[in-house]
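Everything on this sheet refers to the single structure shown next.
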Amino acid sequence: MYQIKRNINWFHLILSIVVVELIGSLSGLLAGNIKGIYTSLKLPPLSPPAAVFGPVWIILYLLIGVAGYLVIKDTTSRTQKTINLSLFGSQLLLNFIWSIVFFGGNSYWLGLIIIIVLDLVVLACILAFRNVNKLAAYLFVPYFVWILFATYLTLGVTVLN
């Protein structure tokens with residue numbers, strides 16, 4: 001279905017994945033006891049058990065890292081590279097600060113604003129990335145779906161607590 005080019009720089013690919021996974025891990029660490037806080041909240045319907053989030057994010061960060069590598073590798077225009085890197089970095093930053101603000105700071109309304117902006121930035125990533133590497137755009141779709149669900153959960157927690 002997708003033609004994978006043989007000129008993969010495995011070091012850069014692995015580095016991209018490791019950096020994204022580390023950013024996610026650091027965010028979780030700085031946010032404090034996310035699992036404990038989550039289980040103490042009044043949760044909206046369809047809220048998954050706390051144990052689901054860790055494995056899901058590990059997989060999503062893997063997909064984000066691969067997508068980032070593909071976009072950086074395949075973007076040839078300087079302008080497009082600037083746009084793609086800005087979008088990629090913005091979604092990583094928003095993702096990073098959301099857990100810290102929402103769980104670490106107990107700032108549910110600010111967390112809701114951040115995650116809504118994150119939704120929009122990830123959608124912009126998908127739209128921009130598809131012009132460079134369709135696989136990179138498709139790799140962001142599960143992430144987008146998950147954060148839309150997380151937006152629902154965030155709204156529910158914000159209203160209920």
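As shown in the structure tokens, the chain order sets the letters A, B, ...; within each chain, residues go from 1, and ligands are also counted from 1 in the order they appear.
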**Asked** Which residues, written as a VMD selection string, have at least one atom at most 12 Å from Ile147 (chain A), with only C-alpha atoms counted and residues fewer than 2 positions away on the same chain left out?
**Response** chain A and resid 53 56 to 57 60 91 94 to 95 98 112 114 to 123 140 to 145 149 to 155
The selected residues should be written to file as a tab-separated table (two decimals), in the first residue's frame (atoms: N, CA, C and O atoms).
```
chain	number	residue	atom	x	y	z
A	53	PHE	N	-4.07	4.12	29.99
A	53	PHE	CA	-3.40	5.29	29.45
A	53	PHE	C	-1.92	5.08	29.15
A	53	PHE	O	-1.44	5.52	28.10
A	56	VAL	N	-1.36	2.99	25.90
A	56	VAL	CA	-1.84	3.75	24.74
A	56	VAL	C	-0.85	4.84	24.38
A	56	VAL	O	-0.48	5.01	23.20
A	57	TRP	N	-0.36	5.58	25.38
A	57	TRP	CA	0.56	6.68	25.08
A	57	TRP	C	1.91	6.18	24.57
A	57	TRP	O	2.52	6.84	23.72
A	60	LEU	N	1.21	5.61	20.96
A	60	LEU	CA	0.99	6.88	20.25
A	60	LEU	C	2.29	7.66	20.09
A	60	LEU	O	2.56	8.22	19.03
A	91	GLN	N	2.65	20.76	18.67
A	91	GLN	CA	1.81	19.70	19.23
A	91	GLN	C	2.55	18.97	20.35
A	91	GLN	O	1.94	18.59	21.34
A	94	LEU	N	2.36	21.35	23.44
A	94	LEU	CA	1.01	21.34	24.02
A	94	LEU	C	0.73	20.02	24.73
A	94	LEU	O	0.17	20.01	25.83
A	95	ASN	N	1.12	18.93	24.10
A	95	ASN	CA	0.94	17.61	24.70
A	95	ASN	C	1.73	17.53	26.01
A	95	ASN	O	1.23	17.03	27.02
A	98	TRP	N	0.07	19.75	28.81
A	98	TRP	CA	-1.30	19.42	29.20
A	98	TRP	C	-1.34	18.62	30.50
A	98	TRP	O	-2.06	18.98	31.44
A	112	LEU	N	-8.47	22.21	29.63
A	112	LEU	CA	-9.46	22.08	28.55
A	112	LEU	C	-9.10	22.98	27.37
A	112	LEU	O	-9.15	22.56	26.21
A	114	ILE	N	-6.10	24.07	26.61
A	114	ILE	CA	-4.87	23.54	26.00
A	114	ILE	C	-5.20	22.35	25.10
A	114	ILE	O	-4.70	22.27	23.97
A	115	ILE	N	-6.06	21.45	25.55
A	115	ILE	CA	-6.32	20.26	24.74
A	115	ILE	C	-7.15	20.59	23.49
A	115	ILE	O	-6.98	19.96	22.45
A	116	ILE	N	-7.99	21.61	23.57
A	116	ILE	CA	-8.73	22.04	22.38
A	116	ILE	C	-7.75	22.61	21.35
A	116	ILE	O	-7.84	22.31	20.16
A	117	VAL	N	-6.81	23.41	21.82
A	117	VAL	CA	-5.78	23.93	20.91
A	117	VAL	C	-4.94	22.77	20.35
A	117	VAL	O	-4.62	22.74	19.16
A	118	LEU	N	-4.62	21.80	21.19
A	118	LEU	CA	-3.88	20.62	20.73
A	118	LEU	C	-4.65	19.89	19.64
A	118	LEU	O	-4.06	19.48	18.63
A	119	ASP	N	-5.96	19.73	19.81
A	119	ASP	CA	-6.78	19.10	18.77
A	119	ASP	C	-6.60	19.81	17.43
A	119	ASP	O	-6.39	19.16	16.39
A	120	LEU	N	-6.66	21.12	17.47
A	120	LEU	CA	-6.55	21.91	16.23
A	120	LEU	C	-5.15	21.81	15.62
A	120	LEU	O	-5.01	21.71	14.39
A	121	VAL	N	-4.14	21.82	16.45
A	121	VAL	CA	-2.76	21.73	15.94
A	121	VAL	C	-2.50	20.34	15.35
A	121	VAL	O	-1.86	20.22	14.29
A	122	VAL	N	-2.99	19.29	15.99
A	122	VAL	CA	-2.80	17.94	15.44
A	122	VAL	C	-3.55	17.80	14.12
A	122	VAL	O	-3.03	17.21	13.17
A	123	LEU	N	-4.74	18.37	14.02
A	123	LEU	CA	-5.45	18.35	12.74
A	123	LEU	C	-4.65	19.10	11.68
A	123	LEU	O	-4.51	18.63	10.54
A	140	PHE	N	-0.65	10.02	12.34
A	140	PHE	CA	-1.20	10.98	13.31
A	140	PHE	C	-2.69	10.78	13.55
A	140	PHE	O	-3.23	11.33	14.51
A	141	VAL	N	-3.36	10.00	12.72
A	141	VAL	CA	-4.81	9.82	12.87
A	141	VAL	C	-5.18	9.14	14.20
A	141	VAL	O	-6.08	9.63	14.90
A	142	PRO	N	-4.52	8.04	14.60
A	142	PRO	CA	-4.87	7.46	15.91
A	142	PRO	C	-4.64	8.44	17.06
A	142	PRO	O	-5.42	8.48	18.02
A	143	TYR	N	-3.59	9.21	16.96
A	143	TYR	CA	-3.29	10.25	17.95
A	143	TYR	C	-4.42	11.26	18.01
A	143	TYR	O	-4.91	11.62	19.08
A	144	PHE	N	-4.88	11.70	16.84
A	144	PHE	CA	-5.97	12.67	16.76
A	144	PHE	C	-7.25	12.11	17.37
A	144	PHE	O	-7.93	12.78	18.16
A	145	VAL	N	-7.57	10.88	17.03
A	145	VAL	CA	-8.77	10.24	17.58
A	145	VAL	C	-8.66	10.14	19.10
A	145	VAL	O	-9.61	10.43	19.84
A	149	PHE	N	-10.96	11.99	22.09
A	149	PHE	CA	-11.55	11.28	23.22
A	149	PHE	C	-11.07	11.89	24.54
A	149	PHE	O	-11.85	12.10	25.46
A	150	ALA	N	-9.79	12.23	24.60
A	150	ALA	CA	-9.23	12.87	25.80
A	150	ALA	C	-9.87	14.24	26.03
A	150	ALA	O	-10.03	14.67	27.17
A	151	THR	N	-10.24	14.92	24.96
A	151	THR	CA	-10.93	16.21	25.09
A	151	THR	C	-12.29	16.01	25.74
A	151	THR	O	-12.70	16.78	26.62
A	152	TYR	N	-13.00	14.98	25.30
A	152	TYR	CA	-14.28	14.63	25.93
A	152	TYR	C	-14.07	14.35	27.42
A	152	TYR	O	-14.82	14.84	28.26
A	153	LEU	N	-13.05	13.54	27.75
A	153	LEU	CA	-12.77	13.22	29.15
A	153	LEU	C	-12.40	14.47	29.94
A	153	LEU	O	-12.85	14.66	31.08
A	154	THR	N	-11.60	15.33	29.34
A	154	THR	CA	-11.19	16.57	29.98
A	154	THR	C	-12.39	17.46	30.26
A	154	THR	O	-12.54	18.02	31.36
A	155	LEU	N	-13.26	17.59	29.28
A	155	LEU	CA	-14.48	18.39	29.47
A	155	LEU	C	-15.32	17.79	30.60
A	155	LEU	O	-15.81	18.51	31.49
```
Please tabulate, as a Markdown table, the residues of region 46-107 of chain A that come within 12 Å of region 29-41 of chain A, each with its closest pair of atoms and the distance in Å to one decimal, counting only C-alpha atoms and ordering rows by chain, then residue number upward.
```
| residue | atom | partner | partner_atom | distance |
| --- | --- | --- | --- | --- |
| A:Ser47 | CA | A:Tyr38 | CA | 10.0 |
| A:Pro48 | CA | A:Tyr38 | CA | 10.3 |
| A:Pro49 | CA | A:Thr39 | CA | 8.3 |
| A:Ala50 | CA | A:Lys35 | CA | 5.8 |
| A:Ala51 | CA | A:Lys35 | CA | 7.8 |
| A:Val52 | CA | A:Lys35 | CA | 10.3 |
| A:Phe53 | CA | A:Lys35 | CA | 9.0 |
| A:Gly54 | CA | A:Lys35 | CA | 9.5 |
| A:Asn95 | CA | A:Ala31 | CA | 11.9 |
| A:Phe96 | CA | A:Leu30 | CA | 9.5 |
| A:Ile97 | CA | A:Ala31 | CA | 8.7 |
| A:Trp98 | CA | A:Ala31 | CA | 8.9 |
| A:Ser99 | CA | A:Ala31 | CA | 5.7 |
| A:Ile100 | CA | A:Ala31 | CA | 4.1 |
| A:Val101 | CA | A:Ala31 | CA | 7.4 |
| A:Phe102 | CA | A:Ala31 | CA | 8.0 |
| A:Phe103 | CA | A:Ala31 | CA | 5.7 |
| A:Gly104 | CA | A:Ala31 | CA | 4.2 |
| A:Gly105 | CA | A:Ala31 | CA | 7.7 |
| A:Asn106 | CA | A:Ile37 | CA | 9.2 |
| A:Ser107 | CA | A:Ala31 | CA | 11.6 |
```
**Message:** Could you list, as a PyMOL selection string, every residue within 7 Å of region 20-26 of chain A, counting only C-alpha atoms and ignoring same-chain residues fewer than 4 positions away?
**Reply:** chain A and resi 16+30+58+61-62+65+96
**Request:** Check region 17-95 of chain A with DSSP on the backbone and list each residue it calls helix (DSSP H, G or I), as JSON, numbers by chain.
**Result:** {"A": [17, 18, 19, 20, 21, 22, 23, 24, 25, 26, 27, 28, 29, 30, 31, 34, 35, 36, 37, 38, 39, 40, 50, 51, 52, 53, 54, 55, 56, 57, 58, 59, 60, 61, 62, 63, 64, 65, 66, 67, 68, 69, 70, 71, 72, 73, 74, 78, 79, 80, 81, 82, 83, 84, 85, 86, 87, 88, 89, 90, 91, 92, 93, 94, 95]}
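With only C-alpha atoms taken into account, the protein and nucleic acid residues at most 9 Å from Ala67 (chain A) (excluding it and anything under 3 positions from it in its own chain) are Ser16, Leu62, Leu63, Ile64, Leu70, Val71, Ile72, Phe129, Asn133, Leu135, Ala136, Ala137, Tyr138, Leu139 and Phe140 of chain A.
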**Prompt:** Expressed in Å to a single decimal, how great is the separation between CA of Thr158 (chain A) and CA of Tyr108 (chain A)?
**Reply:** 5.2 Å
**Request:** Record the distance separating CA of Leu160 (chain A) and CA of Leu43 (chain A), expressed in Å with one decimal.
**Result:**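 Atom-to-atom, CA of Leu160 (chain A) and CA of Leu43 (chain A) are spaced 7.1 Å apart.
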**Prompt:** How many Å separate CA of Trp10 (chain A) from CA of Val66 (chain A)?
**Reply:**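 Atom-to-atom, CA of Trp10 (chain A) and CA of Val66 (chain A) are spaced 10.7 Å apart.
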**Message:** When you look at Ala128 (chain A) with a cut-off of 8 Å (counting only C-alpha atoms), what residues show up, excluding the ones that are within fewer than 3 positions of it in the same chain? I need them as a list of chain:residue names.
**Reply:**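 Result of the neighbour search: A:Asn84, A:Ala124, A:Cys125, A:Asn131, A:Val132, A:Ala137.
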